[in-house]
$ cat data-v3.pdb   # PDB, C-alpha atoms and all ligand atoms
ATOM      1  CA  MET A   1      69.213  17.832  95.531
ATOM      2  CA  HIS A   2      71.152  19.446  92.720
ATOM      3  CA  ILE A   3      70.388  17.667  89.472
ATOM      4  CA  ASP A   4      71.574  18.573  85.983
ATOM      5  CA  LEU A   5      68.469  17.730  83.954
ATOM      6  CA  HIS A   6      69.903  18.006  80.456
ATOM      7  CA  ILE A   7      73.073  16.174  79.340
ATOM      8  CA  HIS A   8      74.148  14.463  76.122
ATOM      9  CA  THR A   9      76.763  11.707  76.051
ATOM     10  CA  ALA A  10      78.749  10.015  73.310
ATOM     11  CA  PRO A  11      78.175   7.759  71.535
ATOM     12  CA  LEU A  12      74.387   7.799  72.068
ATOM     13  CA  SER A  13      74.243  11.434  70.946
ATOM     14  CA  ALA A  14      76.440  11.826  67.871
ATOM     15  CA  CYS A  15      76.855  15.525  68.654
ATOM     16  CA  SER A  16      78.382  14.882  72.083
ATOM     17  CA  TYR A  17      81.967  14.271  73.165
ATOM     18  CA  ILE A  18      81.129  13.182  76.701
ATOM     19  CA  ASP A  19      82.451   9.867  77.912
ATOM     20  CA  PRO A  20      79.991   8.536  80.506
ATOM     21  CA  VAL A  21      82.695   7.524  82.975
ATOM     22  CA  GLU A  22      84.350  10.952  82.841
ATOM     23  CA  LEU A  23      80.900  12.483  83.134
ATOM     24  CA  VAL A  24      80.040  10.829  86.427
ATOM     25  CA  GLN A  25      83.472  11.689  87.839
ATOM     26  CA  GLU A  26      83.013  15.341  86.885
ATOM     27  CA  ALA A  27      79.449  15.328  88.233
ATOM     28  CA  ASP A  28      80.763  14.098  91.547
ATOM     29  CA  ARG A  29      83.554  16.708  91.524
ATOM     30  CA  MET A  30      80.947  19.408  90.800
ATOM     31  CA  LYS A  31      78.975  18.182  93.817
ATOM     32  CA  LEU A  32      75.924  17.258  91.816
ATOM     33  CA  ASP A  33      73.556  14.815  93.501
ATOM     34  CA  GLY A  34      72.258  13.542  90.216
ATOM     35  CA  ILE A  35      72.328  13.847  86.467
ATOM     36  CA  CYS A  36      69.833  13.106  83.718
ATOM     37  CA  LEU A  37      70.947  11.577  80.458
ATOM     38  CA  THR A  38      68.762  13.167  77.803
ATOM     39  CA  GLU A  39      69.942  11.911  74.449
ATOM     40  CA  HIS A  40      68.177  12.725  71.193
ATOM     41  CA  GLN A  41      65.380  10.178  70.932
ATOM     42  CA  VAL A  42      67.351   7.294  72.302
ATOM     43  CA  LEU A  43      67.114   5.898  75.800
ATOM     44  CA  TRP A  44      69.881   4.497  77.919
ATOM     45  CA  ASP A  45      69.764   0.849  78.875
ATOM     46  CA  PRO A  46      68.525   0.860  82.502
ATOM     47  CA  VAL A  47      70.977  -1.874  83.506
ATOM     48  CA  GLU A  48      73.894   0.186  82.269
ATOM     49  CA  VAL A  49      72.612   3.308  83.995
ATOM     50  CA  ASP A  50      72.339   1.356  87.208
ATOM     51  CA  ARG A  51      75.869   0.063  86.959
ATOM     52  CA  LEU A  52      77.296   3.500  86.167
ATOM     53  CA  SER A  53      75.311   5.040  88.983
ATOM     54  CA  ARG A  54      76.495   2.504  91.553
ATOM     55  CA  GLU A  55      80.132   2.806  90.507
ATOM     56  CA  ALA A  56      80.025   6.588  90.692
ATOM     57  CA  GLY A  57      77.863   6.920  93.777
ATOM     58  CA  ILE A  58      75.564   9.530  92.224
ATOM     59  CA  LYS A  59      72.028   9.241  90.923
ATOM     60  CA  ILE A  60      71.572   8.896  87.199
ATOM     61  CA  PHE A  61      68.160   9.197  85.598
ATOM     62  CA  ARG A  62      67.007   8.600  82.065
ATOM     63  CA  GLY A  63      65.243  11.244  80.042
ATOM     64  CA  ASN A  64      64.834  11.858  76.359
ATOM     65  CA  GLU A  65      65.016  14.909  74.109
ATOM     66  CA  PHE A  66      62.420  14.758  71.370
ATOM     67  CA  THR A  67      62.453  16.794  68.208
ATOM     68  CA  THR A  68      58.918  17.916  67.465
ATOM     69  CA  ASN A  69      57.304  20.160  64.890
ATOM     70  CA  GLN A  70      57.282  22.808  67.647
ATOM     71  CA  GLY A  71      60.901  22.479  68.733
ATOM     72  CA  ASP A  72      62.831  20.325  71.176
ATOM     73  CA  VAL A  73      61.126  18.897  74.248
ATOM     74  CA  LEU A  74      62.703  17.138  77.226
ATOM     75  CA  VAL A  75      60.620  14.201  78.356
ATOM     76  CA  PHE A  76      60.779  12.258  81.623
ATOM     77  CA  GLY A  77      58.836   9.193  82.675
ATOM     78  CA  PHE A  78      58.167   8.068  79.101
ATOM     79  CA  TYR A  79      60.230   5.160  77.853
ATOM     80  CA  GLU A  80      58.989   4.388  74.371
ATOM     81  CA  ASP A  81      61.547   4.099  71.631
ATOM     82  CA  ILE A  82      60.455   6.540  68.913
ATOM     83  CA  LYS A  83      62.911   7.638  66.257
ATOM     84  CA  GLU A  84      60.944   9.882  63.930
ATOM     85  CA  LEU A  85      60.103  13.539  64.303
ATOM     86  CA  MET A  86      56.864  13.877  66.231
ATOM     87  CA  MET A  87      53.954  16.210  66.113
ATOM     88  CA  ILE A  88      53.867  17.815  69.505
ATOM     89  CA  GLN A  89      50.220  16.938  70.003
ATOM     90  CA  GLU A  90      50.892  13.235  69.469
ATOM     91  CA  LEU A  91      53.867  13.296  71.816
ATOM     92  CA  ARG A  92      51.792  15.096  74.435
ATOM     93  CA  GLU A  93      49.065  12.473  74.318
ATOM     94  CA  ALA A  94      51.508   9.578  74.566
ATOM     95  CA  VAL A  95      53.478  11.131  77.418
ATOM     96  CA  GLN A  96      50.362  12.043  79.370
ATOM     97  CA  LYS A  97      49.062   8.519  79.036
ATOM     98  CA  ALA A  98      52.315   7.268  80.555
ATOM     99  CA  GLY A  99      52.179   9.849  83.346
ATOM    100  CA  GLY A 100      55.319  11.523  82.078
ATOM    101  CA  PHE A 101      56.499  15.122  82.194
ATOM    102  CA  MET A 102      57.380  17.477  79.333
ATOM    103  CA  ILE A 103      59.663  20.502  79.325
ATOM    104  CA  ALA A 104      60.089  22.975  76.446
ATOM    105  CA  ALA A 105      63.867  22.829  75.868
ATOM    106  CA  HIS A 106      65.776  26.064  75.109
ATOM    107  CA  PRO A 107      62.572  27.616  73.676
ATOM    108  CA  PHE A 108      64.242  30.857  72.584
ATOM    109  CA  ARG A 109      67.549  29.529  71.307
ATOM    110  CA  GLY A 110      68.711  31.803  68.525
ATOM    111  CA  PHE A 111      65.820  34.220  68.841
ATOM    112  CA  LYS A 112      68.235  37.134  68.474
ATOM    113  CA  THR A 113      69.867  35.668  65.402
ATOM    114  CA  PHE A 114      66.657  35.110  63.530
ATOM    115  CA  GLY A 115      65.819  38.711  64.089
ATOM    116  CA  ILE A 116      62.885  38.607  66.447
ATOM    117  CA  GLY A 117      65.070  40.301  69.049
ATOM    118  CA  GLN A 118      65.463  43.300  66.816
ATOM    119  CA  LEU A 119      61.745  43.349  66.190
ATOM    120  CA  GLN A 120      61.394  43.515  69.958
ATOM    121  CA  MET A 121      59.178  40.542  70.468
ATOM    122  CA  THR A 122      57.250  41.131  73.628
ATOM    123  CA  VAL A 123      56.846  38.531  76.334
ATOM    124  CA  GLU A 124      53.152  38.369  75.419
ATOM    125  CA  GLN A 125      54.004  37.495  71.832
ATOM    126  CA  ALA A 126      56.689  35.025  72.871
ATOM    127  CA  ALA A 127      54.270  33.298  75.226
ATOM    128  CA  LYS A 128      51.965  32.513  72.301
ATOM    129  CA  ARG A 129      54.383  29.963  70.866
ATOM    130  CA  LYS A 130      52.476  26.763  70.357
ATOM    131  CA  VAL A 131      54.951  24.588  72.252
ATOM    132  CA  PHE A 132      53.851  26.103  75.565
ATOM    133  CA  GLU A 133      50.342  24.667  75.212
ATOM    134  CA  PHE A 134      51.781  21.152  75.339
ATOM    135  CA  VAL A 135      54.346  21.191  78.133
ATOM    136  CA  ASP A 136      54.387  21.010  81.918
ATOM    137  CA  ALA A 137      57.419  23.249  82.361
ATOM    138  CA  VAL A 138      59.871  25.496  80.564
ATOM    139  CA  GLU A 139      63.657  25.209  80.558
ATOM    140  CA  ILE A 140      64.488  28.699  81.818
ATOM    141  CA  GLY A 141      68.183  27.972  82.312
ATOM    142  CA  ASN A 142      70.083  26.229  79.530
ATOM    143  CA  GLY A 143      73.882  26.295  79.730
ATOM    144  CA  LYS A 144      74.308  26.713  75.985
ATOM    145  CA  LEU A 145      72.133  29.810  75.701
ATOM    146  CA  SER A 146      72.839  33.494  76.165
ATOM    147  CA  GLN A 147      71.436  35.296  79.144
ATOM    148  CA  ASP A 148      68.923  37.125  76.917
ATOM    149  CA  GLU A 149      67.633  33.838  75.559
ATOM    150  CA  ASN A 150      67.272  32.336  79.041
ATOM    151  CA  ASP A 151      65.719  35.550  80.374
ATOM    152  CA  MET A 152      63.024  35.441  77.715
ATOM    153  CA  ALA A 153      62.213  31.842  78.639
ATOM    154  CA  ARG A 154      61.996  32.815  82.318
ATOM    155  CA  LYS A 155      59.637  35.720  81.627
ATOM    156  CA  VAL A 156      57.428  33.576  79.428
ATOM    157  CA  ALA A 157      57.292  30.820  82.061
ATOM    158  CA  GLU A 158      56.286  33.380  84.688
ATOM    159  CA  LYS A 159      53.639  34.831  82.410
ATOM    160  CA  LEU A 160      52.178  31.376  81.738
ATOM    161  CA  SER A 161      52.587  30.232  85.366
ATOM    162  CA  LEU A 162      54.665  27.269  84.237
ATOM    163  CA  PRO A 163      57.506  26.048  86.452
ATOM    164  CA  GLY A 164      61.071  26.542  85.219
ATOM    165  CA  THR A 165      63.872  23.992  85.078
ATOM    166  CA  GLY A 166      67.622  24.275  84.569
ATOM    167  CA  GLY A 167      70.099  22.027  82.790
ATOM    168  CA  SER A 168      73.478  22.417  81.163
ATOM    169  CA  ASP A 169      72.673  20.807  77.787
ATOM    170  CA  ALA A 170      76.313  19.745  78.026
ATOM    171  CA  HIS A 171      77.953  18.140  75.028
ATOM    172  CA  ARG A 172      81.439  18.357  76.569
ATOM    173  CA  VAL A 173      82.345  17.221  80.042
ATOM    174  CA  ASP A 174      83.508  20.685  81.200
ATOM    175  CA  GLU A 175      80.072  22.081  80.330
ATOM    176  CA  ILE A 176      78.075  20.186  82.935
ATOM    177  CA  ALA A 177      76.410  21.788  85.963
ATOM    178  CA  THR A 178      76.257  25.332  84.530
ATOM    179  CA  TRP A 179      72.527  25.260  85.217
ATOM    180  CA  VAL A 180      70.860  22.769  87.523
ATOM    181  CA  THR A 181      67.446  22.061  88.921
ATOM    182  CA  VAL A 182      67.363  22.045  92.711
ATOM    183  CA  PHE A 183      64.736  19.725  94.168
ATOM    184  CA  GLU A 184      63.348  20.119  97.681
ATOM    185  CA  LYS A 185      63.090  16.409  98.344
ATOM    186  CA  ASP A 186      65.448  13.512  98.120
ATOM    187  CA  ILE A 187      65.012  11.619  94.860
ATOM    188  CA  GLN A 188      66.004   7.979  94.653
ATOM    189  CA  ASP A 189      64.611   6.792  91.339
ATOM    190  CA  GLU A 190      63.012   7.867  88.092
ATOM    191  CA  ASN A 191      59.471   7.526  89.437
ATOM    192  CA  GLN A 192      60.263   9.892  92.282
ATOM    193  CA  LEU A 193      61.899  12.298  89.851
ATOM    194  CA  VAL A 194      58.749  12.414  87.746
ATOM    195  CA  ALA A 195      56.561  12.776  90.855
ATOM    196  CA  GLU A 196      58.636  15.708  92.133
ATOM    197  CA  LEU A 197      58.531  17.341  88.705
ATOM    198  CA  HIS A 198      54.732  17.043  88.669
ATOM    199  CA  ALA A 199      54.578  18.395  92.225
ATOM    200  CA  GLY A 200      56.595  21.435  91.164
ATOM    201  CA  ARG A 201      58.940  21.153  94.140
ATOM    202  CA  PHE A 202      62.030  22.507  92.356
ATOM    203  CA  LYS A 203      63.702  25.597  91.019
ATOM    204  CA  ALA A 204      66.270  26.405  88.355
ATOM    205  CA  VAL A 205      69.629  27.601  89.653
ATOM    206  CA  ASN A 206      72.500  29.097  87.678
ATOM    207  CA  ARG A 207      75.816  27.721  88.915
ATOM    208  CA  GLY A 208      77.806  29.819  86.515
ATOM    209  CA  GLN A 209      79.091  29.540  83.009
ATOM    210  CA  LYS A 210      82.339  27.582  83.108
ATOM    211  CA  THR A 211      83.328  27.799  79.485
ATOM    212  CA  GLU A 212      84.197  30.645  77.147
ATOM    213  CA  GLY A 213      81.675  31.307  74.415
ATOM    214  CA  ARG A 214      79.620  28.390  73.215
TER
HETATM  215 ZN    ZN B 301      67.876  20.588  71.941
HETATM  216 ZN    ZN B 302      69.914  18.976  74.355
END
$ encode --input "data-v3.pdb" --output "structure tokens" --more "lines below"
Ligand SMILES: [Zn+2]
Ligand SMILES: [Zn+2]
Amino acid sequence: MHIDLHIHTAPLSACSYIDPVELVQEADRMKLDGICLTEHQVLWDPVEVDRLSREAGIKIFRGNEFTTNQGDVLVFGFYEDIKELMMIQELREAVQKAGGFMIAAHPFRGFKTFGIGQLQMTVEQAAKRKVFEFVDAVEIGNGKLSQDENDMARKVAEKLSLPGTGGSDAHRVDEIATWVTVFEKDIQDENQLVAELHAGRFKAVNRGQKTEGR
């Protein structure tokens, strides 16, 4: 199953221009089997997700993108409504209690621009970032990042033996499906999604950058 694990929609994410109805149509056109709506610390109403999913004939799952003191984290299987910035340790404890799954989102976004690239940060050094002590997986393919940034995430994930996921991080409808996570098993609901994430039966796949620049 090809699932885009990282998508923002309007109006739940102020930064996004994606209309949910256009999104599901495009997801279907792109032959995705499912999408995850990962807004910034706001969850979709499950009834609305259900309705949208049935109308479109594709699976839609709820996730959440938390801002923590150690960077952004994608969270699945955790449905508490928390608005404030969280300490990663606190978030980890709460998510683990709920049986949820945490992914370090775009961990090396901008690492070239803030100069570490020039300083030639090694994979060993990069792997010491605190966020990696508190996650179950690393987003090794993010559609908004450069190849260098994604490559660093992939190398770090390999070094730490953490599984890697892919997602577009789309904020516009033509940005979806650039990176997806391909699951071995059929996934029907959010519980199965979380179970398959924990089981590690997936891989990140690049389906190609569709847009110019970013
Ligand atoms: Zn983010
Ligand atoms: Zn995002």
$ resolve_selection --input "data-v3.pdb" --expression "the PyMOL selection byres (((chain A and resi 178) around 6) and not hetatm)" --output "MDAnalysis selection string"
chainID A and resid 143 168 176:177 179 207:209
$ residues_near_ligand --input "data-v3.pdb" --ligand "ligand ZN 301 (chain B)" --cutoff "9 Å" --atoms "only C-alpha atoms and all ligand atoms" --output "PDB file with C-alpha atoms, keeping the file's coordinate frame"
ATOM      1  CA  HIS A  40      68.177  12.725  71.193  1.00  0.00           C
ATOM      2  CA  GLU A  65      65.016  14.909  74.109  1.00  0.00           C
ATOM      3  CA  PHE A  66      62.420  14.758  71.370  1.00  0.00           C
ATOM      4  CA  THR A  67      62.453  16.794  68.208  1.00  0.00           C
ATOM      5  CA  GLY A  71      60.901  22.479  68.733  1.00  0.00           C
ATOM      6  CA  ASP A  72      62.831  20.325  71.176  1.00  0.00           C
ATOM      7  CA  VAL A  73      61.126  18.897  74.248  1.00  0.00           C
ATOM      8  CA  LEU A  74      62.703  17.138  77.226  1.00  0.00           C
ATOM      9  CA  ALA A 105      63.867  22.829  75.868  1.00  0.00           C
ATOM     10  CA  HIS A 106      65.776  26.064  75.109  1.00  0.00           C
ATOM     11  CA  PRO A 107      62.572  27.616  73.676  1.00  0.00           C
ATOM     12  CA  ARG A 109      67.549  29.529  71.307  1.00  0.00           C
ATOM     13  CA  ASP A 169      72.673  20.807  77.787  1.00  0.00           C
TER      14      ASP A 169
END
$ residues_near_point --input "data-v3.pdb" --point "(56.6, 38.2, 73.4)" --cutoff "12 Å" --atoms "all atoms listed in the file" --output "short mmCIF file (atom, residue, chain, number, x, y, z; two decimals) with C-alpha atoms, in the coordinates of the input"
data_model
loop_
_atom_site.label_atom_id
_atom_site.label_comp_id
_atom_site.auth_asym_id
_atom_site.auth_seq_id
_atom_site.Cartn_x
_atom_site.Cartn_y
_atom_site.Cartn_z
CA PHE A 108 64.24 30.86 72.58
CA PHE A 111 65.82 34.22 68.84
CA ILE A 116 62.88 38.61 66.45
CA GLY A 117 65.07 40.30 69.05
CA LEU A 119 61.74 43.35 66.19
CA GLN A 120 61.39 43.52 69.96
CA MET A 121 59.18 40.54 70.47
CA THR A 122 57.25 41.13 73.63
CA VAL A 123 56.85 38.53 76.33
CA GLU A 124 53.15 38.37 75.42
CA GLN A 125 54.00 37.49 71.83
CA ALA A 126 56.69 35.02 72.87
CA ALA A 127 54.27 33.30 75.23
CA LYS A 128 51.96 32.51 72.30
CA ARG A 129 54.38 29.96 70.87
CA ASP A 151 65.72 35.55 80.37
CA MET A 152 63.02 35.44 77.72
CA ALA A 153 62.21 31.84 78.64
CA ARG A 154 62.00 32.82 82.32
CA LYS A 155 59.64 35.72 81.63
CA VAL A 156 57.43 33.58 79.43
CA ALA A 157 57.29 30.82 82.06
CA LYS A 159 53.64 34.83 82.41
CA LEU A 160 52.18 31.38 81.74
#
$ closest_residue --input "data-v3.pdb" --among "A:Asn64, A:Ser161, A:Gln25, A:Thr181" --to "ligand ZN 302 (chain B)" --atoms "all atoms listed in the file"
A:Asn64
$ atom_distance --input "data-v3.pdb" --atom1 "atom CA of A:Ile58" --atom2 "atom CA of A:Asp28"
7.0 Å
$ residues_around --input "data-v3.pdb" --residues "A:Phe78" --least-positions-apart "2" --cutoff "6 Å" --atoms "only C-alpha atoms" --output "VMD selection string"
chain A and resid 76 95 100
$ resolve_selection --input "data-v3.pdb" --expression "the PyMOL selection byres (((chain A and resi 198) around 10) and not hetatm)" --output "list in words"
Gly99, Gly100, Phe101, Met102, Asp136, Ala137, Pro163, Gln192, Leu193, Val194, Ala195, Glu196, Leu197, Ala199, Gly200, Arg201 and Phe202 of chain A
$ resolve_selection --input "data-v3.pdb" --expression "the PyMOL selection byres (((chain A and resi 32) around 10) and not hetatm)" --output "list in words"
Met1, His2, Ile3, Asp4, Val24, Glu26, Ala27, Asp28, Arg29, Met30, Lys31, Asp33, Gly34, Ile35, Ile58, Lys59, Ile176, Ala177, Val180 and Val182 of chain A
$ build_atoms --input "data-v3.pdb" --residues "stretch 29-40 of chain A" --atoms "all heavy atoms" --output "mmCIF file, in the coordinates of the input"
data_model
loop_
_atom_site.group_PDB
_atom_site.id
_atom_site.type_symbol
_atom_site.label_atom_id
_atom_site.label_comp_id
_atom_site.auth_asym_id
_atom_site.auth_seq_id
_atom_site.Cartn_x
_atom_site.Cartn_y
_atom_site.Cartn_z
ATOM 1 N N ARG A 29 82.641 15.597 91.200
ATOM 2 C CA ARG A 29 83.554 16.708 91.524
ATOM 3 C C ARG A 29 82.780 18.029 91.630
ATOM 4 O O ARG A 29 83.097 18.881 92.465
ATOM 5 C CB ARG A 29 84.624 16.817 90.428
ATOM 6 C CG ARG A 29 85.898 17.527 90.853
ATOM 7 C CD ARG A 29 86.897 17.597 89.702
ATOM 8 N NE ARG A 29 86.471 18.478 88.633
ATOM 9 C CZ ARG A 29 86.546 19.819 88.667
ATOM 10 N NH1 ARG A 29 87.062 20.419 89.704
ATOM 11 N NH2 ARG A 29 86.123 20.547 87.650
ATOM 12 N N MET A 30 81.760 18.188 90.794
ATOM 13 C CA MET A 30 80.947 19.408 90.800
ATOM 14 C C MET A 30 79.868 19.368 91.893
ATOM 15 O O MET A 30 79.011 20.229 91.948
ATOM 16 C CB MET A 30 80.265 19.601 89.440
ATOM 17 C CG MET A 30 81.212 19.878 88.286
ATOM 18 S SD MET A 30 82.203 21.371 88.519
ATOM 19 C CE MET A 30 80.933 22.643 88.446
ATOM 20 N N LYS A 31 79.915 18.337 92.710
ATOM 21 C CA LYS A 31 78.975 18.182 93.817
ATOM 22 C C LYS A 31 77.508 18.139 93.363
ATOM 23 O O LYS A 31 76.612 18.666 94.024
ATOM 24 C CB LYS A 31 79.168 19.276 94.869
ATOM 25 C CG LYS A 31 80.598 19.371 95.392
ATOM 26 C CD LYS A 31 80.605 19.620 96.884
ATOM 27 C CE LYS A 31 81.991 19.694 97.513
ATOM 28 N NZ LYS A 31 83.054 18.930 96.898
ATOM 29 N N LEU A 32 77.300 17.513 92.229
ATOM 30 C CA LEU A 32 75.924 17.258 91.816
ATOM 31 C C LEU A 32 75.437 16.023 92.553
ATOM 32 O O LEU A 32 76.199 15.107 92.832
ATOM 33 C CB LEU A 32 75.859 17.000 90.305
ATOM 34 C CG LEU A 32 76.102 18.187 89.379
ATOM 35 C CD1 LEU A 32 76.096 17.736 87.919
ATOM 36 C CD2 LEU A 32 75.036 19.255 89.593
ATOM 37 N N ASP A 33 74.141 16.007 92.873
ATOM 38 C CA ASP A 33 73.556 14.815 93.501
ATOM 39 C C ASP A 33 73.042 13.851 92.451
ATOM 40 O O ASP A 33 72.880 12.667 92.722
ATOM 41 C CB ASP A 33 72.411 15.228 94.418
ATOM 42 C CG ASP A 33 72.896 16.198 95.476
ATOM 43 O OD1 ASP A 33 73.741 15.793 96.281
ATOM 44 O OD2 ASP A 33 72.451 17.363 95.470
ATOM 45 N N GLY A 34 72.769 14.401 91.275
ATOM 46 C CA GLY A 34 72.258 13.542 90.216
ATOM 47 C C GLY A 34 72.400 14.195 88.858
ATOM 48 O O GLY A 34 72.599 15.401 88.743
ATOM 49 N N ILE A 35 72.316 13.352 87.841
ATOM 50 C CA ILE A 35 72.328 13.847 86.467
ATOM 51 C C ILE A 35 71.256 13.097 85.674
ATOM 52 O O ILE A 35 70.884 11.976 86.019
ATOM 53 C CB ILE A 35 73.702 13.645 85.774
ATOM 54 C CG1 ILE A 35 74.151 12.180 85.869
ATOM 55 C CG2 ILE A 35 74.747 14.566 86.369
ATOM 56 C CD1 ILE A 35 75.413 11.880 85.084
ATOM 57 N N CYS A 36 70.774 13.759 84.625
ATOM 58 C CA CYS A 36 69.833 13.106 83.718
ATOM 59 C C CYS A 36 70.484 12.989 82.354
ATOM 60 O O CYS A 36 71.041 13.966 81.836
ATOM 61 C CB CYS A 36 68.558 13.927 83.591
ATOM 62 S SG CYS A 36 67.655 14.026 85.131
ATOM 63 N N LEU A 37 70.412 11.813 81.797
ATOM 64 C CA LEU A 37 70.947 11.577 80.458
ATOM 65 C C LEU A 37 69.803 11.741 79.471
ATOM 66 O O LEU A 37 68.867 10.946 79.439
ATOM 67 C CB LEU A 37 71.548 10.170 80.371
ATOM 68 C CG LEU A 37 72.646 9.886 81.414
ATOM 69 C CD1 LEU A 37 73.084 8.430 81.343
ATOM 70 C CD2 LEU A 37 73.837 10.812 81.219
ATOM 71 N N THR A 38 69.867 12.826 78.719
ATOM 72 C CA THR A 38 68.762 13.167 77.803
ATOM 73 C C THR A 38 69.284 13.180 76.376
ATOM 74 O O THR A 38 69.546 14.237 75.821
ATOM 75 C CB THR A 38 68.194 14.548 78.155
ATOM 76 O OG1 THR A 38 69.286 15.487 78.199
ATOM 77 C CG2 THR A 38 67.477 14.548 79.490
ATOM 78 N N GLU A 39 69.436 11.987 75.822
ATOM 79 C CA GLU A 39 69.942 11.911 74.449
ATOM 80 C C GLU A 39 68.821 12.282 73.480
ATOM 81 O O GLU A 39 67.679 12.472 73.881
ATOM 82 C CB GLU A 39 70.446 10.495 74.159
ATOM 83 C CG GLU A 39 71.269 9.855 75.271
ATOM 84 C CD GLU A 39 72.625 10.534 75.525
ATOM 85 O OE1 GLU A 39 72.974 11.474 74.791
ATOM 86 O OE2 GLU A 39 73.317 10.106 76.463
ATOM 87 N N HIS A 40 69.187 12.379 72.197
ATOM 88 C CA HIS A 40 68.177 12.725 71.193
ATOM 89 C C HIS A 40 67.423 11.474 70.753
ATOM 90 O O HIS A 40 67.903 10.703 69.924
ATOM 91 C CB HIS A 40 68.831 13.376 69.967
ATOM 92 C CG HIS A 40 69.491 14.677 70.271
ATOM 93 N ND1 HIS A 40 68.777 15.835 70.475
ATOM 94 C CD2 HIS A 40 70.785 15.012 70.426
ATOM 95 C CE1 HIS A 40 69.621 16.825 70.716
ATOM 96 N NE2 HIS A 40 70.845 16.361 70.703
#
